[in-house]
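Pasting coords11.pdb here (PDB, N, CA and C atoms):
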MODEL        1
ATOM      1  N   GLU A   1       2.008   6.504 -22.579
ATOM      2  CA  GLU A   1       0.852   7.347 -22.379
ATOM      3  C   GLU A   1      -0.108   6.751 -21.366
ATOM      4  N   ARG A   2       0.447   5.934 -20.476
ATOM      5  CA  ARG A   2      -0.383   5.260 -19.483
ATOM      6  C   ARG A   2       0.323   5.282 -18.134
ATOM      7  N   VAL A   3      -0.445   5.563 -17.087
ATOM      8  CA  VAL A   3       0.043   5.464 -15.720
ATOM      9  C   VAL A   3      -0.474   4.142 -15.163
ATOM     10  N   CYS A   4       0.415   3.361 -14.561
ATOM     11  CA  CYS A   4       0.043   2.068 -13.972
ATOM     12  C   CYS A   4       0.193   2.135 -12.461
ATOM     13  N   LEU A   5      -0.801   1.650 -11.754
ATOM     14  CA  LEU A   5      -0.780   1.612 -10.297
ATOM     15  C   LEU A   5      -0.665   0.159  -9.859
ATOM     16  N   TYR A   6       0.337  -0.118  -9.032
ATOM     17  CA  TYR A   6       0.591  -1.475  -8.539
ATOM     18  C   TYR A   6       0.386  -1.529  -7.035
ATOM     19  N   ASN A   7      -0.063  -2.663  -6.544
ATOM     20  CA  ASN A   7      -0.144  -2.897  -5.103
ATOM     21  C   ASN A   7       1.125  -3.641  -4.712
ATOM     22  N   VAL A   8       2.018  -2.966  -4.000
ATOM     23  CA  VAL A   8       3.287  -3.581  -3.627
ATOM     24  C   VAL A   8       3.302  -4.017  -2.163
ATOM     25  N   SER A   9       2.147  -4.022  -1.518
ATOM     26  CA  SER A   9       2.095  -4.386  -0.102
ATOM     27  C   SER A   9       2.468  -5.843   0.135
ATOM     28  N   ASP A  10       2.236  -6.707  -0.841
ATOM     29  CA  ASP A  10       2.584  -8.125  -0.710
ATOM     30  C   ASP A  10       3.835  -8.461  -1.514
ATOM     31  N   TYR A  11       4.681  -7.479  -1.728
ATOM     32  CA  TYR A  11       5.874  -7.632  -2.556
ATOM     33  C   TYR A  11       6.846  -8.657  -1.978
ATOM     34  N   THR A  12       7.323  -9.506  -2.846
ATOM     35  CA  THR A  12       8.466 -10.375  -2.544
ATOM     36  C   THR A  12       9.372 -10.323  -3.766
ATOM     37  N   ALA A  13      10.631 -10.624  -3.588
ATOM     38  CA  ALA A  13      11.568 -10.588  -4.706
ATOM     39  C   ALA A  13      11.120 -11.509  -5.839
ATOM     40  N   GLU A  14      10.525 -12.624  -5.504
ATOM     41  CA  GLU A  14      10.084 -13.576  -6.521
ATOM     42  C   GLU A  14       8.832 -13.092  -7.265
ATOM     43  N   SER A  15       7.946 -12.388  -6.574
ATOM     44  CA  SER A  15       6.679 -11.991  -7.184
ATOM     45  C   SER A  15       6.763 -10.679  -7.956
ATOM     46  N   PHE A  16       7.807  -9.896  -7.743
ATOM     47  CA  PHE A  16       7.876  -8.575  -8.367
ATOM     48  C   PHE A  16       7.825  -8.650  -9.892
ATOM     49  N   SER A  17       8.516  -9.571 -10.491
ATOM     50  CA  SER A  17       8.568  -9.646 -11.955
ATOM     51  C   SER A  17       7.236 -10.072 -12.577
ATOM     52  N   SER A  18       6.341 -10.649 -11.787
ATOM     53  CA  SER A  18       5.061 -11.087 -12.338
ATOM     54  C   SER A  18       3.885 -10.203 -11.908
ATOM     55  N   MET A  19       4.173  -9.058 -11.292
ATOM     56  CA  MET A  19       3.097  -8.166 -10.840
ATOM     57  C   MET A  19       2.370  -7.548 -12.023
ATOM     58  N   SER A  20       1.082  -7.371 -11.864
ATOM     59  CA  SER A  20       0.258  -6.702 -12.868
ATOM     60  C   SER A  20      -0.333  -5.443 -12.251
ATOM     61  N   PRO A  21      -0.590  -4.423 -13.060
ATOM     62  CA  PRO A  21      -1.205  -3.206 -12.517
ATOM     63  C   PRO A  21      -2.584  -3.494 -11.925
ATOM     64  N   VAL A  22      -2.901  -2.829 -10.825
ATOM     65  CA  VAL A  22      -4.229  -2.907 -10.230
ATOM     66  C   VAL A  22      -5.191  -2.067 -11.054
ATOM     67  N   VAL A  23      -4.704  -0.926 -11.520
ATOM     68  CA  VAL A  23      -5.502  -0.019 -12.342
ATOM     69  C   VAL A  23      -4.546   0.757 -13.247
ATOM     70  N   THR A  24      -5.043   1.181 -14.408
ATOM     71  CA  THR A  24      -4.260   2.020 -15.308
ATOM     72  C   THR A  24      -5.062   3.265 -15.660
ATOM     73  N   PHE A  25      -4.355   4.329 -15.964
ATOM     74  CA  PHE A  25      -4.967   5.605 -16.321
ATOM     75  C   PHE A  25      -4.401   6.031 -17.672
ATOM     76  N   GLU A  26      -5.291   6.261 -18.637
ATOM     77  CA  GLU A  26      -4.854   6.562 -20.003
ATOM     78  C   GLU A  26      -5.620   7.747 -20.574
ATOM     79  N   GLU A  27      -5.100   8.942 -20.378
ATOM     80  CA  GLU A  27      -5.710  10.127 -20.984
ATOM     81  C   GLU A  27      -4.700  11.031 -21.665
ATOM     82  N   HIS A  28      -3.434  10.928 -21.303
ATOM     83  CA  HIS A  28      -2.436  11.781 -21.946
ATOM     84  C   HIS A  28      -2.313  11.402 -23.418
ATOM     85  N   GLU A  29      -2.030  12.393 -24.242
ATOM     86  CA  GLU A  29      -1.896  12.188 -25.679
ATOM     87  C   GLU A  29      -0.450  11.948 -26.104
ATOM     88  N   ASP A  30       0.480  11.973 -25.150
ATOM     89  CA  ASP A  30       1.887  11.756 -25.476
ATOM     90  C   ASP A  30       2.577  11.162 -24.253
ATOM     91  N   ILE A  31       3.865  10.938 -24.342
ATOM     92  CA  ILE A  31       4.637  10.272 -23.297
ATOM     93  C   ILE A  31       4.512  10.987 -21.949
ATOM     94  N   ILE A  32       4.265  10.220 -20.891
ATOM     95  CA  ILE A  32       4.219  10.753 -19.530
ATOM     96  C   ILE A  32       5.649  10.899 -19.044
ATOM     97  N   THR A  33       5.990  12.084 -18.567
ATOM     98  CA  THR A  33       7.373  12.373 -18.202
ATOM     99  C   THR A  33       7.608  12.459 -16.697
ATOM    100  N   CYS A  34       6.555  12.658 -15.897
ATOM    101  CA  CYS A  34       6.764  12.803 -14.459
ATOM    102  C   CYS A  34       5.462  12.585 -13.688
ATOM    103  N   LEU A  35       5.635  12.207 -12.422
ATOM    104  CA  LEU A  35       4.521  11.986 -11.503
ATOM    105  C   LEU A  35       4.858  12.629 -10.166
ATOM    106  N   SER A  36       3.833  13.045  -9.431
ATOM    107  CA  SER A  36       4.032  13.598  -8.099
ATOM    108  C   SER A  36       2.816  13.286  -7.234
ATOM    109  N   HIS A  37       3.069  12.942  -5.995
ATOM    110  CA  HIS A  37       2.015  12.664  -5.029
ATOM    111  C   HIS A  37       1.287  13.958  -4.674
ATOM    112  N   TYR A  38      -0.006  13.884  -4.444
ATOM    113  CA  TYR A  38      -0.802  15.023  -3.987
ATOM    114  C   TYR A  38      -0.713  15.047  -2.463
ATOM    115  N   PRO A  39      -0.095  16.077  -1.895
ATOM    116  CA  PRO A  39       0.101  16.117  -0.436
ATOM    117  C   PRO A  39      -1.213  16.032   0.335
ATOM    118  N   GLY A  40      -1.203  15.261   1.393
ATOM    119  CA  GLY A  40      -2.378  15.153   2.243
ATOM    120  C   GLY A  40      -3.431  14.186   1.748
ATOM    121  N   SER A  41      -3.162  13.511   0.639
ATOM    122  CA  SER A  41      -4.132  12.567   0.090
ATOM    123  C   SER A  41      -3.467  11.217  -0.121
ATOM    124  N   ASP A  42      -4.140  10.167   0.289
ATOM    125  CA  ASP A  42      -3.639   8.818   0.043
ATOM    126  C   ASP A  42      -4.037   8.298  -1.333
ATOM    127  N   THR A  43      -4.917   9.025  -2.020
ATOM    128  CA  THR A  43      -5.455   8.502  -3.276
ATOM    129  C   THR A  43      -5.187   9.375  -4.501
ATOM    130  N   CYS A  44      -4.646  10.572  -4.320
ATOM    131  CA  CYS A  44      -4.495  11.487  -5.456
ATOM    132  C   CYS A  44      -3.037  11.721  -5.831
ATOM    133  N   PHE A  45      -2.813  11.953  -7.129
ATOM    134  CA  PHE A  45      -1.476  12.249  -7.632
ATOM    135  C   PHE A  45      -1.589  13.053  -8.924
ATOM    136  N   PHE A  46      -0.479  13.653  -9.341
ATOM    137  CA  PHE A  46      -0.401  14.421 -10.576
ATOM    138  C   PHE A  46       0.458  13.673 -11.579
ATOM    139  N   SER A  47       0.176  13.877 -12.875
ATOM    140  CA  SER A  47       1.050  13.385 -13.936
ATOM    141  C   SER A  47       1.294  14.530 -14.916
ATOM    142  N   GLY A  48       2.500  14.583 -15.442
ATOM    143  CA  GLY A  48       2.856  15.565 -16.458
ATOM    144  C   GLY A  48       3.333  14.836 -17.695
ATOM    145  N   ALA A  49       3.152  15.443 -18.875
ATOM    146  CA  ALA A  49       3.466  14.720 -20.102
ATOM    147  C   ALA A  49       4.012  15.624 -21.192
ATOM    148  N   ARG A  50       4.468  14.966 -22.237
ATOM    149  CA  ARG A  50       4.977  15.670 -23.406
ATOM    150  C   ARG A  50       3.864  16.389 -24.158
ATOM    151  N   ASP A  51       2.604  16.098 -23.851
ATOM    152  CA  ASP A  51       1.479  16.789 -24.490
ATOM    153  C   ASP A  51       1.197  18.155 -23.853
ATOM    154  N   SER A  52       2.076  18.615 -22.974
ATOM    155  CA  SER A  52       1.997  19.932 -22.318
ATOM    156  C   SER A  52       0.887  20.014 -21.276
ATOM    157  N   THR A  53       0.396  18.896 -20.798
ATOM    158  CA  THR A  53      -0.666  18.925 -19.795
ATOM    159  C   THR A  53      -0.211  18.294 -18.488
ATOM    160  N   ILE A  54      -0.860  18.742 -17.423
ATOM    161  CA  ILE A  54      -0.724  18.155 -16.093
ATOM    162  C   ILE A  54      -2.109  17.666 -15.711
ATOM    163  N   LYS A  55      -2.193  16.434 -15.262
ATOM    164  CA  LYS A  55      -3.486  15.876 -14.865
ATOM    165  C   LYS A  55      -3.467  15.532 -13.389
ATOM    166  N   LEU A  56      -4.603  15.786 -12.739
ATOM    167  CA  LEU A  56      -4.827  15.382 -11.357
ATOM    168  C   LEU A  56      -5.678  14.130 -11.398
ATOM    169  N   TRP A  57      -5.199  13.086 -10.713
ATOM    170  CA  TRP A  57      -5.885  11.792 -10.702
ATOM    171  C   TRP A  57      -6.281  11.423  -9.283
ATOM    172  N   ASP A  58      -7.383  10.730  -9.165
ATOM    173  CA  ASP A  58      -7.786  10.075  -7.925
ATOM    174  C   ASP A  58      -7.881   8.598  -8.272
ATOM    175  N   ARG A  59      -7.062   7.785  -7.647
ATOM    176  CA  ARG A  59      -6.986   6.374  -8.043
ATOM    177  C   ARG A  59      -8.298   5.622  -7.893
ATOM    178  N   ARG A  60      -9.270   6.218  -7.204
ATOM    179  CA  ARG A  60     -10.583   5.580  -7.056
ATOM    180  C   ARG A  60     -11.500   5.862  -8.241
ATOM    181  N   GLN A  61     -11.073   6.759  -9.133
ATOM    182  CA  GLN A  61     -11.895   7.167 -10.277
ATOM    183  C   GLN A  61     -11.233   6.748 -11.589
ATOM    184  N   PRO A  62     -12.001   6.372 -12.607
ATOM    185  CA  PRO A  62     -11.412   5.918 -13.869
ATOM    186  C   PRO A  62     -10.878   7.037 -14.763
ATOM    187  N   LYS A  63     -11.320   8.277 -14.523
ATOM    188  CA  LYS A  63     -10.891   9.408 -15.347
ATOM    189  C   LYS A  63     -10.218  10.456 -14.477
ATOM    190  N   SER A  64      -9.422  11.320 -15.099
ATOM    191  CA  SER A  64      -8.734  12.365 -14.350
ATOM    192  C   SER A  64      -9.747  13.333 -13.741
ATOM    193  N   ALA A  65      -9.375  13.897 -12.598
ATOM    194  CA  ALA A  65     -10.243  14.852 -11.907
ATOM    195  C   ALA A  65     -10.101  16.251 -12.486
ATOM    196  N   ALA A  66      -8.930  16.562 -13.044
ATOM    197  CA  ALA A  66      -8.687  17.891 -13.614
ATOM    198  C   ALA A  66      -7.528  17.816 -14.593
ATOM    199  N   THR A  67      -7.521  18.752 -15.545
ATOM    200  CA  THR A  67      -6.418  18.885 -16.493
ATOM    201  C   THR A  67      -5.976  20.332 -16.522
ATOM    202  N   PHE A  68      -4.682  20.540 -16.345
ATOM    203  CA  PHE A  68      -4.065  21.853 -16.499
ATOM    204  C   PHE A  68      -3.323  21.823 -17.823
ATOM    205  N   GLY A  69      -3.596  22.784 -18.680
ATOM    206  CA  GLY A  69      -2.972  22.802 -19.993
ATOM    207  C   GLY A  69      -3.999  22.490 -21.058
ATOM    208  N   ILE A  70      -3.648  22.792 -22.272
ATOM    209  CA  ILE A  70      -4.573  22.585 -23.374
ATOM    210  C   ILE A  70      -4.107  21.381 -24.163
ATOM    211  N   ASP A  71      -4.835  20.294 -24.036
ATOM    212  CA  ASP A  71      -4.451  19.102 -24.782
ATOM    213  C   ASP A  71      -5.140  19.104 -26.144
ATOM    214  N   PRO A  72      -4.669  18.294 -27.065
ATOM    215  CA  PRO A  72      -5.230  18.297 -28.426
ATOM    216  C   PRO A  72      -6.728  18.030 -28.475
ATOM    217  N   ARG A  73      -7.239  17.181 -27.602
ATOM    218  CA  ARG A  73      -8.682  16.892 -27.616
ATOM    219  C   ARG A  73      -9.477  18.124 -27.240
ATOM    220  N   ALA A  74      -8.990  18.904 -26.281
ATOM    221  CA  ALA A  74      -9.707  20.099 -25.851
ATOM    222  C   ALA A  74      -9.764  21.128 -26.974
ATOM    223  N   ALA A  75      -8.686  21.247 -27.710
ATOM    224  CA  ALA A  75      -8.666  22.198 -28.822
ATOM    225  C   ALA A  75      -9.666  21.783 -29.903
ATOM    226  N   LYS A  76      -9.830  20.492 -30.114
ATOM    227  CA  LYS A  76     -10.740  19.999 -31.152
ATOM    228  C   LYS A  76     -12.202  20.077 -30.748
ATOM    229  N   ASP A  77     -12.501  19.832 -29.469
ATOM    230  CA  ASP A  77     -13.910  19.788 -29.069
ATOM    231  C   ASP A  77     -14.437  21.119 -28.529
ATOM    232  N   GLY A  78     -13.581  22.157 -28.536
ATOM    233  CA  GLY A  78     -14.035  23.478 -28.117
ATOM    234  C   GLY A  78     -13.954  23.737 -26.632
ATOM    235  N   SER A  79     -13.476  22.796 -25.848
ATOM    236  CA  SER A  79     -13.397  23.007 -24.399
ATOM    237  C   SER A  79     -12.081  23.641 -23.976
ATOM    238  N   ALA A  80     -11.223  23.971 -24.938
ATOM    239  CA  ALA A  80      -9.902  24.518 -24.617
ATOM    240  C   ALA A  80      -9.982  25.790 -23.790
ATOM    241  N   GLU A  81     -10.982  26.611 -24.042
ATOM    242  CA  GLU A  81     -11.085  27.869 -23.301
ATOM    243  C   GLU A  81     -11.388  27.650 -21.821
ATOM    244  N   ARG A  82     -11.810  26.456 -21.439
ATOM    245  CA  ARG A  82     -12.105  26.162 -20.034
ATOM    246  C   ARG A  82     -10.899  25.577 -19.305
ATOM    247  N   ARG A  83      -9.781  25.445 -19.994
ATOM    248  CA  ARG A  83      -8.588  24.842 -19.405
ATOM    249  C   ARG A  83      -7.581  25.919 -19.009
ATOM    250  N   ILE A  84      -6.771  25.602 -18.030
ATOM    251  CA  ILE A  84      -5.699  26.494 -17.604
ATOM    252  C   ILE A  84      -4.472  26.144 -18.430
ATOM    253  N   ALA A  85      -3.979  27.067 -19.228
ATOM    254  CA  ALA A  85      -2.797  26.825 -20.051
ATOM    255  C   ALA A  85      -1.559  27.146 -19.227
ATOM    256  N   ALA A  86      -0.885  26.130 -18.728
ATOM    257  CA  ALA A  86       0.271  26.336 -17.870
ATOM    258  C   ALA A  86       1.568  26.367 -18.677
ATOM    259  N   HIS A  87       1.710  25.498 -19.631
ATOM    260  CA  HIS A  87       2.943  25.377 -20.407
ATOM    261  C   HIS A  87       2.622  25.251 -21.885
ATOM    262  N   SER A  88       3.578  25.699 -22.702
ATOM    263  CA  SER A  88       3.428  25.533 -24.150
ATOM    264  C   SER A  88       4.306  24.408 -24.674
ATOM    265  N   GLY A  89       5.122  23.830 -23.797
ATOM    266  CA  GLY A  89       5.993  22.727 -24.182
ATOM    267  C   GLY A  89       5.836  21.560 -23.225
ATOM    268  N   MET A  90       6.658  20.543 -23.430
ATOM    269  CA  MET A  90       6.617  19.334 -22.628
ATOM    270  C   MET A  90       6.823  19.645 -21.141
ATOM    271  N   ILE A  91       6.036  18.989 -20.282
ATOM    272  CA  ILE A  91       6.219  19.075 -18.836
ATOM    273  C   ILE A  91       7.385  18.160 -18.486
ATOM    274  N   THR A  92       8.389  18.693 -17.794
ATOM    275  CA  THR A  92       9.580  17.898 -17.481
ATOM    276  C   THR A  92       9.674  17.508 -16.013
ATOM    277  N   CYS A  93       9.015  18.257 -15.125
ATOM    278  CA  CYS A  93       9.076  17.909 -13.705
ATOM    279  C   CYS A  93       7.872  18.489 -12.964
ATOM    280  N   LEU A  94       7.503  17.814 -11.893
ATOM    281  CA  LEU A  94       6.395  18.224 -11.028
ATOM    282  C   LEU A  94       6.804  18.010  -9.580
ATOM    283  N   ASP A  95       6.315  18.868  -8.705
ATOM    284  CA  ASP A  95       6.445  18.632  -7.277
ATOM    285  C   ASP A  95       5.278  19.340  -6.600
ATOM    286  N   ALA A  96       4.846  18.808  -5.491
ATOM    287  CA  ALA A  96       3.725  19.402  -4.755
ATOM    288  C   ALA A  96       4.028  19.354  -3.273
ATOM    289  N   CYS A  97       3.660  20.419  -2.577
ATOM    290  CA  CYS A  97       3.751  20.441  -1.118
ATOM    291  C   CYS A  97       2.661  21.367  -0.604
ATOM    292  N   GLU A  98       2.035  20.949   0.463
ATOM    293  CA  GLU A  98       0.893  21.660   1.042
ATOM    294  C   GLU A  98      -0.113  22.005  -0.043
ATOM    295  N   ASN A  99      -0.333  23.279  -0.322
ATOM    296  CA  ASN A  99      -1.332  23.653  -1.328
ATOM    297  C   ASN A  99      -0.689  24.226  -2.595
ATOM    298  N   VAL A 100       0.558  23.839  -2.880
ATOM    299  CA  VAL A 100       1.287  24.375  -4.028
ATOM    300  C   VAL A 100       1.708  23.246  -4.960
ATOM    301  N   LEU A 101       1.457  23.439  -6.249
ATOM    302  CA  LEU A 101       1.950  22.545  -7.296
ATOM    303  C   LEU A 101       2.956  23.340  -8.110
ATOM    304  N   VAL A 102       4.156  22.803  -8.282
ATOM    305  CA  VAL A 102       5.202  23.458  -9.053
ATOM    306  C   VAL A 102       5.504  22.572 -10.262
ATOM    307  N   SER A 103       5.576  23.191 -11.439
ATOM    308  CA  SER A 103       5.847  22.417 -12.642
ATOM    309  C   SER A 103       6.913  23.117 -13.478
ATOM    310  N   GLY A 104       7.702  22.332 -14.171
ATOM    311  CA  GLY A 104       8.691  22.852 -15.098
ATOM    312  C   GLY A 104       8.445  22.247 -16.461
ATOM    313  N   GLY A 105       8.804  23.012 -17.497
ATOM    314  CA  GLY A 105       8.568  22.509 -18.842
ATOM    315  C   GLY A 105       9.515  23.108 -19.842
ATOM    316  N   LEU A 106       9.460  22.594 -21.056
ATOM    317  CA  LEU A 106      10.288  23.067 -22.155
ATOM    318  C   LEU A 106       9.559  24.130 -22.952
ATOM    319  N   ASP A 107       9.172  25.196 -22.286
ATOM    320  CA  ASP A 107       8.463  26.293 -22.941
ATOM    321  C   ASP A 107       9.439  27.166 -23.724
ATOM    322  N   LYS A 108       8.915  27.741 -24.779
ATOM    323  CA  LYS A 108       9.747  28.660 -25.574
ATOM    324  C   LYS A 108       9.283  30.069 -25.390
TER     325      LYS A 108
ENDMDL
END

Just give me the structure as structure tokens.
Amino acid sequence: ERVCLYNVSDYTAESFSSMSPVVTFEEHEDIITCLSHYPGSDTCFFSGARDSTIKLWDRRQPKSAATFGIDPRAAKDGSAERRIAAHSGMITCLDACENVLVSGGLDK
């Protein structure tokens, strides 16, 4: 339930096993199943998870910039109506190009 960002610019075969994340992102309520780069941005990416949500992240910020889908916290705190419900099941794949985000899931 955590996305880890590593700086691999100084990668060597010897140092790879001892690398630590530069930053981590922890908002999904279940296993993260896929990631996709946000086209045209060096700092943004999407994550999809078994909690039926897709999150937009900016690596410069500690919290997600947006959530697509209704996660359990939103249902409990009353903010669910402000969310875009994209899938009713686990997100299995994501891809983005230009201004389009495509997602697949285990919806019934």

- Query: What lies within 8 Å of segment 15-32 of chain A using all atoms listed in the file, ignoring chain neighbours under 5 positions off, as a ChimeraX atom specification?
  - Reply: /A:1-7,10,47-53,59,61-64,71-73,91

Go ahead and save the residues from that selection, with N, CA and C atoms, as a CSV table (one decimal), in the coordinates of the input.
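Final file, out_34.csv:
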chain,number,residue,atom,x,y,z
A,1,GLU,N,2.0,6.5,-22.6
A,1,GLU,CA,0.9,7.3,-22.4
A,1,GLU,C,-0.1,6.8,-21.4
A,2,ARG,N,0.4,5.9,-20.5
A,2,ARG,CA,-0.4,5.3,-19.5
A,2,ARG,C,0.3,5.3,-18.1
A,3,VAL,N,-0.4,5.6,-17.1
A,3,VAL,CA,0.0,5.5,-15.7
A,3,VAL,C,-0.5,4.1,-15.2
A,4,CYS,N,0.4,3.4,-14.6
A,4,CYS,CA,0.0,2.1,-14.0
A,4,CYS,C,0.2,2.1,-12.5
A,5,LEU,N,-0.8,1.6,-11.8
A,5,LEU,CA,-0.8,1.6,-10.3
A,5,LEU,C,-0.7,0.2,-9.9
A,6,TYR,N,0.3,-0.1,-9.0
A,6,TYR,CA,0.6,-1.5,-8.5
A,6,TYR,C,0.4,-1.5,-7.0
A,7,ASN,N,-0.1,-2.7,-6.5
A,7,ASN,CA,-0.1,-2.9,-5.1
A,7,ASN,C,1.1,-3.6,-4.7
A,10,ASP,N,2.2,-6.7,-0.8
A,10,ASP,CA,2.6,-8.1,-0.7
A,10,ASP,C,3.8,-8.5,-1.5
A,47,SER,N,0.2,13.9,-12.9
A,47,SER,CA,1.0,13.4,-13.9
A,47,SER,C,1.3,14.5,-14.9
A,48,GLY,N,2.5,14.6,-15.4
A,48,GLY,CA,2.9,15.6,-16.5
A,48,GLY,C,3.3,14.8,-17.7
A,49,ALA,N,3.2,15.4,-18.9
A,49,ALA,CA,3.5,14.7,-20.1
A,49,ALA,C,4.0,15.6,-21.2
A,50,ARG,N,4.5,15.0,-22.2
A,50,ARG,CA,5.0,15.7,-23.4
A,50,ARG,C,3.9,16.4,-24.2
A,51,ASP,N,2.6,16.1,-23.9
A,51,ASP,CA,1.5,16.8,-24.5
A,51,ASP,C,1.2,18.2,-23.9
A,52,SER,N,2.1,18.6,-23.0
A,52,SER,CA,2.0,19.9,-22.3
A,52,SER,C,0.9,20.0,-21.3
A,53,THR,N,0.4,18.9,-20.8
A,53,THR,CA,-0.7,18.9,-19.8
A,53,THR,C,-0.2,18.3,-18.5
A,59,ARG,N,-7.1,7.8,-7.6
A,59,ARG,CA,-7.0,6.4,-8.0
A,59,ARG,C,-8.3,5.6,-7.9
A,61,GLN,N,-11.1,6.8,-9.1
A,61,GLN,CA,-11.9,7.2,-10.3
A,61,GLN,C,-11.2,6.7,-11.6
A,62,PRO,N,-12.0,6.4,-12.6
A,62,PRO,CA,-11.4,5.9,-13.9
A,62,PRO,C,-10.9,7.0,-14.8
A,63,LYS,N,-11.3,8.3,-14.5
A,63,LYS,CA,-10.9,9.4,-15.3
A,63,LYS,C,-10.2,10.5,-14.5
A,64,SER,N,-9.4,11.3,-15.1
A,64,SER,CA,-8.7,12.4,-14.4
A,64,SER,C,-9.7,13.3,-13.7
A,71,ASP,N,-4.8,20.3,-24.0
A,71,ASP,CA,-4.5,19.1,-24.8
A,71,ASP,C,-5.1,19.1,-26.1
A,72,PRO,N,-4.7,18.3,-27.1
A,72,PRO,CA,-5.2,18.3,-28.4
A,72,PRO,C,-6.7,18.0,-28.5
A,73,ARG,N,-7.2,17.2,-27.6
A,73,ARG,CA,-8.7,16.9,-27.6
A,73,ARG,C,-9.5,18.1,-27.2
A,91,ILE,N,6.0,19.0,-20.3
A,91,ILE,CA,6.2,19.1,-18.8
A,91,ILE,C,7.4,18.2,-18.5

- Item | Top pick for closest residue to Trp57 of chain A, considering A:Ser36, A:Ser103, A:Thr43, A:Ser9 and counting all atoms listed in the file | A:Thr43

- Message: Residues of chain A classed as alpha helix (DSSP H) by DSSP on the backbone are to be reported as a VMD selection string.
- Response: chain A and resid 72 to 77

Selected residues, N, CA and C atoms, written as a CSV table (one decimal), in the frame of the given file, please.
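New file selection00.csv:
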chain,number,residue,atom,x,y,z
A,72,PRO,N,-4.7,18.3,-27.1
A,72,PRO,CA,-5.2,18.3,-28.4
A,72,PRO,C,-6.7,18.0,-28.5
A,73,ARG,N,-7.2,17.2,-27.6
A,73,ARG,CA,-8.7,16.9,-27.6
A,73,ARG,C,-9.5,18.1,-27.2
A,74,ALA,N,-9.0,18.9,-26.3
A,74,ALA,CA,-9.7,20.1,-25.9
A,74,ALA,C,-9.8,21.1,-27.0
A,75,ALA,N,-8.7,21.2,-27.7
A,75,ALA,CA,-8.7,22.2,-28.8
A,75,ALA,C,-9.7,21.8,-29.9
A,76,LYS,N,-9.8,20.5,-30.1
A,76,LYS,CA,-10.7,20.0,-31.2
A,76,LYS,C,-12.2,20.1,-30.7
A,77,ASP,N,-12.5,19.8,-29.5
A,77,ASP,CA,-13.9,19.8,-29.1
A,77,ASP,C,-14.4,21.1,-28.5

- Could you state which residues are captured by the PyMOL selection byres ((chain A and resi 105) around 6) in this file, as a PyMOL selection string? chain A and resi 89-93+103-104+106-107

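Among the candidates A:Ala86, A:Cys97, A:Ala13, A:Val102, the residue lying nearest to Gly69 of chain A is A:Ala86 (atoms considered: only C-alpha atoms).
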
Could the centre and edge lengths of an axis-aligned box, enclosing all atoms of segment 50-59 of chain A in the file with 8 Å extra on each side, be given in Å to one decimal as AutoDock Vina command-line options?
--center_x -1.7 --center_y 12.8 --center_z -16.1 --size_x 29.3 --size_y 30.4 --size_z 32.8

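Going from atom CA of Asp42 of chain A over to atom C of Asp95 of chain A, you cover 15.3 Å.
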
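Our summary of the geometry notes that atom N of Phe45 of chain A is positioned 21.5 Å from atom N of Tyr11 of chain A.
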
- For atom CA of Phe68 of chain A and atom CA of Val8 of chain A, determine how far apart the two atoms are, in Å to one decimal place. 29.4 Å

- Mind listing the strand (DSSP E or B) residues of segment 19-71 of chain A, per DSSP on the backbone, as a PyMOL selection string? chain A and resi 23-25+32-37+44-49+54-58+66-68

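Nearest-residue note for Tyr38 of chain A: choosing from A:Ala66, A:Ala96, A:Lys55, A:Lys108, the minimum distance belongs to A:Ala96, counting all atoms listed in the file.
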
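Using only N, CA and C atoms, the smallest distance between any of A:Val100, A:Leu94, A:Cys44, A:Thr33 and Leu56 of chain A comes from A:Cys44.
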